[in-house]
Amino acid sequence: MDASETIRALRQALAASPDNAPLRQHLADTLFAYGHYAEAEQELLALLKLVPDEAAAMLLLARCYRAQDKASAAVVVLERLAARGNARALVELARALAADGDVEAAVRTYRRGVDRDPTVRDAEFEQRFGIVADDDDPDADGDDDREIVEGRVRAQGASAPDGVDALRPVRSDVKFAHVGGMAGLKDEIRKKIVLPLQRPDLYKAYGKRIGGGILMYGPPGCGKTFLAKATAGEIDATFLSVGIHDVLEMWIGQSERNLHGVFATARRHTPCVLFFDEVDALGASRGDMKHSAGRQTINQFLAELDGLGNDNDGLLVLAATNAPWHMDSAFRRPGRFDRVIFVPPPDAAARGDILRLLLAGKPQEDVDFAAVAKKTERFSGADLRAVVDRAIEAKLDDAVARGVPEPLRTRDLLAAAKLQKPTTSEWFAAAKNYVLYANDAGLYDDLKDYLKL
C-alpha cells in the first residue's frame, strides 16, 4: 500500500470514529513521516482538543512547526511541555531555540534535558555546538571557565569593578496629554499610581500601601517607555530609568549589588517612578537556568520589590517587556507586578493624535490625519515616526531640486505610509502562539481579545 492509500484508509477509519485519539495520532504520525507537515499539524491540533496536553502529540506538533520554519510556534509548545520536566521536550526546545538563533539559551536548555535523562542526548547537536557532557569532561567541577552567564563569559579569577556610576533620577516634563491614545492604560495607572498620591488619606484609611508595580507588555515601539515618563510627569515625581546594562555584570554578586543600589537611589527620591526597560532580561524564568548566577539576580530583584528590610512606600515600579512569557511567574504575585497590562499599537484615533504631535512645528497644509491613520493599521508609534521621516526626506529631495520648500500634505504622508510596513507583525505572529497554547491562567486575555481569537 503506497502513502496515499495508507493515508486515505486512515482518514476513512477516522471518519467512522472521529474521537479515537490513538487513531488520530497514528494518522498524524503517518502524515509527518510522508512529509505532509501542514496536514499533520491540523490533525494534531484536533487531537489536542480531545486530549489536552498529550505529550506525544505536543512533541510531534512542535516538530511539524519546525519542519515548516515556524520556530517561534515550536518554542511555545515545547516551553509548555518542558515546564513539566519532559526531558525530550527540553532537547526539542533546544533545537528550536538554535533554529531561532538563540544559541546560548539552546545550549542551556539542552543541558537541562540531558541532566534529567541522559538517554535523550543528541550527538549531532553536541558536536555542532561544542557541548561536552559534565561526566565526560575531566575539568568540569560546576564552575566551568567557559560558562556563559547572562550573555557574557565569566572568567575565573577576574576581579570585580570598584563600582558603577550612580544613576540620577530626573524630573520628567512629559504628561499624559503628550501621550496619544492609551485611555484604558492611563486609567489603570491613575488608579494604581496617581490617585494614591493625590488622596493618600483615603488609601491610608484602608491600610493600602502607596506604590506597587505595573508590568506593561506589547510589541516594540508602542510607547511603553514614553508612558512611564508621562506617569512620572503626571504626579510630579522623579523618574529613574534603568536598562539591563545598568544592572548586569559578569562578576559574581555585582549584578545584585547594582540592583540594590538602583532601588536604594529610588527610595531616597520618593515619590519616584522606577522604570525597568527590557525587564525580561532581569526577570527570566528561573526554571530555564541551570546555573545559580541568574537566579541570584532574580531573587535579589524579588526581594527589592517586596521591600525586605526597606520601605518601598512612595516607590512606583513600572516595567516594560516585549516577552512577558519569558518572565518568572513569581514577579506577578501581589505587591510586585500585580498589574500586567497589554500595550497595543495605537488605534486609529490615537494614530491621528500621534501624527499631529509628530508634525507639530513642521510646515504642513490641510493634512487629513484621519485618512493617514486609516492607512496605517497596526503601525506602532515608532512606525508612524518613520512615516513622517520618510515624508520629510521626500520633501527635502524636492526642495533641493526646486530650490523652494513646500509644506507636507496628505498625499506625502500616504505615499510614505505605502513604503513603511508595520514592524509589529512579527511580534503578533509569535504572541499568537502564546495566547493559543500558554494562556491557562488568562494572563493574555486582553491580547486574545485584541487578536479576536
# chains A, B, ... in the order shown; residues from 1 in each chain; ligands from 1
call {"tool": "residues_around", "arguments": {"residues": "range 45-58 of chain A", "least_positions_apart": "4", "cutoff": "9 Å", "atoms": "only C-alpha atoms", "output": "number ranges by chain"}}
result
A: 19-22, 24-25, 28, 40-41, 62-63, 77-78, 80-81, 86, 89
call {"tool": "select_by_dssp", "arguments": {"residues": "range 227-318 of chain A", "states": "alpha helix (DSSP H)", "output": "PyMOL selection string"}}
result
chain A and resi 227-234+254-268+292-306
call {"tool": "write_last_selection", "arguments": {"atoms": "N, CA and C atoms", "output": "mmCIF file, in the first residue's frame"}}
result
data_model
loop_
_atom_site.group_PDB
_atom_site.id
_atom_site.type_symbol
_atom_site.label_atom_id
_atom_site.label_comp_id
_atom_site.auth_asym_id
_atom_site.auth_seq_id
_atom_site.Cartn_x
_atom_site.Cartn_y
_atom_site.Cartn_z
ATOM 1 N N LEU A 227 5.268 56.285 28.037
ATOM 2 C CA LEU A 227 4.177 56.302 29.005
ATOM 3 C C LEU A 227 4.726 56.329 30.432
ATOM 4 N N ALA A 228 5.827 55.619 30.675
ATOM 5 C CA ALA A 228 6.439 55.636 32.006
ATOM 6 C C ALA A 228 6.919 57.047 32.358
ATOM 7 N N LYS A 229 7.525 57.735 31.393
ATOM 8 C CA LYS A 229 7.956 59.116 31.633
ATOM 9 C C LYS A 229 6.762 60.018 31.910
ATOM 10 N N ALA A 230 5.676 59.797 31.170
ATOM 11 C CA ALA A 230 4.483 60.612 31.360
ATOM 12 C C ALA A 230 3.874 60.380 32.736
ATOM 13 N N THR A 231 3.964 59.146 33.231
ATOM 14 C CA THR A 231 3.445 58.848 34.570
ATOM 15 C C THR A 231 4.185 59.654 35.619
ATOM 16 N N ALA A 232 5.511 59.709 35.499
ATOM 17 C CA ALA A 232 6.308 60.497 36.442
ATOM 18 C C ALA A 232 5.956 61.978 36.347
ATOM 19 N N GLY A 233 5.778 62.472 35.130
ATOM 20 C CA GLY A 233 5.425 63.865 34.961
ATOM 21 C C GLY A 233 4.041 64.191 35.490
ATOM 22 N N GLU A 234 3.119 63.242 35.365
ATOM 23 C CA GLU A 234 1.743 63.462 35.795
ATOM 24 C C GLU A 234 1.645 63.659 37.300
ATOM 25 N N GLN A 254 27.993 41.199 41.616
ATOM 26 C CA GLN A 254 27.943 42.615 41.255
ATOM 27 C C GLN A 254 26.575 43.015 40.715
ATOM 28 N N SER A 255 25.925 42.127 39.974
ATOM 29 C CA SER A 255 24.594 42.448 39.447
ATOM 30 C C SER A 255 23.610 42.687 40.582
ATOM 31 N N GLU A 256 23.702 41.851 41.634
ATOM 32 C CA GLU A 256 22.811 42.021 42.779
ATOM 33 C C GLU A 256 23.080 43.337 43.491
ATOM 34 N N ARG A 257 24.357 43.708 43.628
ATOM 35 C CA ARG A 257 24.697 44.979 44.276
ATOM 36 C C ARG A 257 24.202 46.159 43.441
ATOM 37 N N ASN A 258 24.343 46.048 42.123
ATOM 38 C CA ASN A 258 23.845 47.113 41.255
ATOM 39 C C ASN A 258 22.340 47.285 41.405
ATOM 40 N N LEU A 259 21.631 46.166 41.455
ATOM 41 C CA LEU A 259 20.181 46.205 41.574
ATOM 42 C C LEU A 259 19.758 46.832 42.897
ATOM 43 N N HIS A 260 20.444 46.449 43.971
ATOM 44 C CA HIS A 260 20.141 47.049 45.274
ATOM 45 C C HIS A 260 20.424 48.550 45.254
ATOM 46 N N GLY A 261 21.503 48.947 44.594
ATOM 47 C CA GLY A 261 21.838 50.366 44.511
ATOM 48 C C GLY A 261 20.795 51.166 43.762
ATOM 49 N N VAL A 262 20.232 50.573 42.695
ATOM 50 C CA VAL A 262 19.172 51.244 41.933
ATOM 51 C C VAL A 262 17.960 51.499 42.819
ATOM 52 N N PHE A 263 17.523 50.479 43.556
ATOM 53 C CA PHE A 263 16.354 50.647 44.424
ATOM 54 C C PHE A 263 16.654 51.623 45.561
ATOM 55 N N ALA A 264 17.871 51.571 46.107
ATOM 56 C CA ALA A 264 18.228 52.479 47.194
ATOM 57 C C ALA A 264 18.173 53.930 46.719
ATOM 58 N N THR A 265 18.656 54.176 45.501
ATOM 59 C CA THR A 265 18.603 55.530 44.945
ATOM 60 C C THR A 265 17.164 55.991 44.769
ATOM 61 N N ALA A 266 16.320 55.108 44.258
ATOM 62 C CA ALA A 266 14.916 55.470 44.057
ATOM 63 C C ALA A 266 14.225 55.746 45.389
ATOM 64 N N ARG A 267 14.532 54.963 46.419
ATOM 65 C CA ARG A 267 13.892 55.171 47.731
ATOM 66 C C ARG A 267 14.280 56.512 48.341
ATOM 67 N N ARG A 268 15.492 56.982 48.030
ATOM 68 C CA ARG A 268 15.940 58.270 48.578
ATOM 69 C C ARG A 268 15.252 59.450 47.897
ATOM 70 N N SER A 292 23.426 29.116 38.971
ATOM 71 C CA SER A 292 22.825 29.924 40.028
ATOM 72 C C SER A 292 22.980 31.428 39.843
ATOM 73 N N ALA A 293 23.874 31.867 38.956
ATOM 74 C CA ALA A 293 24.159 33.304 38.858
ATOM 75 C C ALA A 293 22.910 34.108 38.506
ATOM 76 N N GLY A 294 22.197 33.679 37.459
ATOM 77 C CA GLY A 294 20.991 34.398 37.071
ATOM 78 C C GLY A 294 19.907 34.316 38.130
ATOM 79 N N ARG A 295 19.812 33.165 38.807
ATOM 80 C CA ARG A 295 18.793 33.007 39.851
ATOM 81 C C ARG A 295 19.026 33.983 40.995
ATOM 82 N N GLN A 296 20.273 34.196 41.342
ATOM 83 C CA GLN A 296 20.568 35.114 42.444
ATOM 84 C C GLN A 296 20.125 36.529 42.120
ATOM 85 N N THR A 297 20.329 36.935 40.873
ATOM 86 C CA THR A 297 19.889 38.268 40.459
ATOM 87 C C THR A 297 18.369 38.382 40.535
ATOM 88 N N ILE A 298 17.670 37.337 40.098
ATOM 89 C CA ILE A 298 16.213 37.342 40.152
ATOM 90 C C ILE A 298 15.736 37.381 41.596
ATOM 91 N N ASN A 299 16.350 36.573 42.461
ATOM 92 C CA ASN A 299 15.968 36.573 43.874
ATOM 93 C C ASN A 299 16.165 37.952 44.504
ATOM 94 N N GLN A 300 17.256 38.623 44.128
ATOM 95 C CA GLN A 300 17.514 39.973 44.635
ATOM 96 C C GLN A 300 16.430 40.935 44.146
ATOM 97 N N PHE A 301 16.066 40.810 42.878
ATOM 98 C CA PHE A 301 15.024 41.669 42.298
ATOM 99 C C PHE A 301 13.710 41.478 43.062
ATOM 100 N N LEU A 302 13.332 40.241 43.330
ATOM 101 C CA LEU A 302 12.091 39.960 44.056
ATOM 102 C C LEU A 302 12.142 40.527 45.470
ATOM 103 N N ALA A 303 13.297 40.386 46.119
ATOM 104 C CA ALA A 303 13.437 40.911 47.483
ATOM 105 C C ALA A 303 13.314 42.433 47.499
ATOM 106 N N GLU A 304 13.872 43.107 46.489
ATOM 107 C CA GLU A 304 13.767 44.567 46.417
ATOM 108 C C GLU A 304 12.320 44.996 46.181
ATOM 109 N N LEU A 305 11.608 44.270 45.324
ATOM 110 C CA LEU A 305 10.207 44.591 45.084
ATOM 111 C C LEU A 305 9.369 44.425 46.345
ATOM 112 N N ASP A 306 9.718 43.422 47.139
ATOM 113 C CA ASP A 306 8.990 43.181 48.393
ATOM 114 C C ASP A 306 9.368 44.174 49.482
#
call {"tool": "atom_distance", "arguments": {"atom1": "CA of Phe369 in chain A", "atom2": "CA of Arg351 in chain A"}}
result
8.3 Å
call {"tool": "atom_distance", "arguments": {"atom1": "CA of Glu104 in chain A", "atom2": "CA of Gly243 in chain A"}}
result
20.8 Å
call {"tool": "closest_atom_pairs", "arguments": {"of": "range 167-235 of chain A", "to": "range 371-395 of chain A", "cutoff": "12 Å", "atoms": "only C-alpha atoms", "output": "JSON lines"}}
result
{"residue": "A:Val179", "atom": "CA", "partner": "A:Gly381", "partner_atom": "CA", "distance": 10.2}
{"residue": "A:Gly180", "atom": "CA", "partner": "A:Gly381", "partner_atom": "CA", "distance": 9.0}
{"residue": "A:Gly181", "atom": "CA", "partner": "A:Gly381", "partner_atom": "CA", "distance": 10.7}
{"residue": "A:Met182", "atom": "CA", "partner": "A:Gly381", "partner_atom": "CA", "distance": 11.7}
{"residue": "A:Gly218", "atom": "CA", "partner": "A:Ser380", "partner_atom": "CA", "distance": 10.3}
{"residue": "A:Pro219", "atom": "CA", "partner": "A:Ser380", "partner_atom": "CA", "distance": 8.0}
{"residue": "A:Pro220", "atom": "CA", "partner": "A:Ser380", "partner_atom": "CA", "distance": 7.7}
{"residue": "A:Gly221", "atom": "CA", "partner": "A:Ala382", "partner_atom": "CA", "distance": 4.9}
{"residue": "A:Cys222", "atom": "CA", "partner": "A:Ser380", "partner_atom": "CA", "distance": 4.9}
{"residue": "A:Gly223", "atom": "CA", "partner": "A:Gly381", "partner_atom": "CA", "distance": 6.5}
{"residue": "A:Lys224", "atom": "CA", "partner": "A:Gly381", "partner_atom": "CA", "distance": 10.1}
{"residue": "A:Thr225", "atom": "CA", "partner": "A:Gly381", "partner_atom": "CA", "distance": 11.5}
{"residue": "A:Phe226", "atom": "CA", "partner": "A:Gly381", "partner_atom": "CA", "distance": 10.2}
{"residue": "A:Leu227", "atom": "CA", "partner": "A:Gly381", "partner_atom": "CA", "distance": 11.8}
call {"tool": "atom_distance", "arguments": {"atom1": "CA of Ala237 in chain A", "atom2": "CA of Val194 in chain A"}}
result
10.1 Å
call {"tool": "closest_residue", "arguments": {"among": "A:Leu357, A:Val340, A:Ile235, A:Val75", "to": "Met327 in chain A", "atoms": "only C-alpha atoms"}}
result
A:Val340
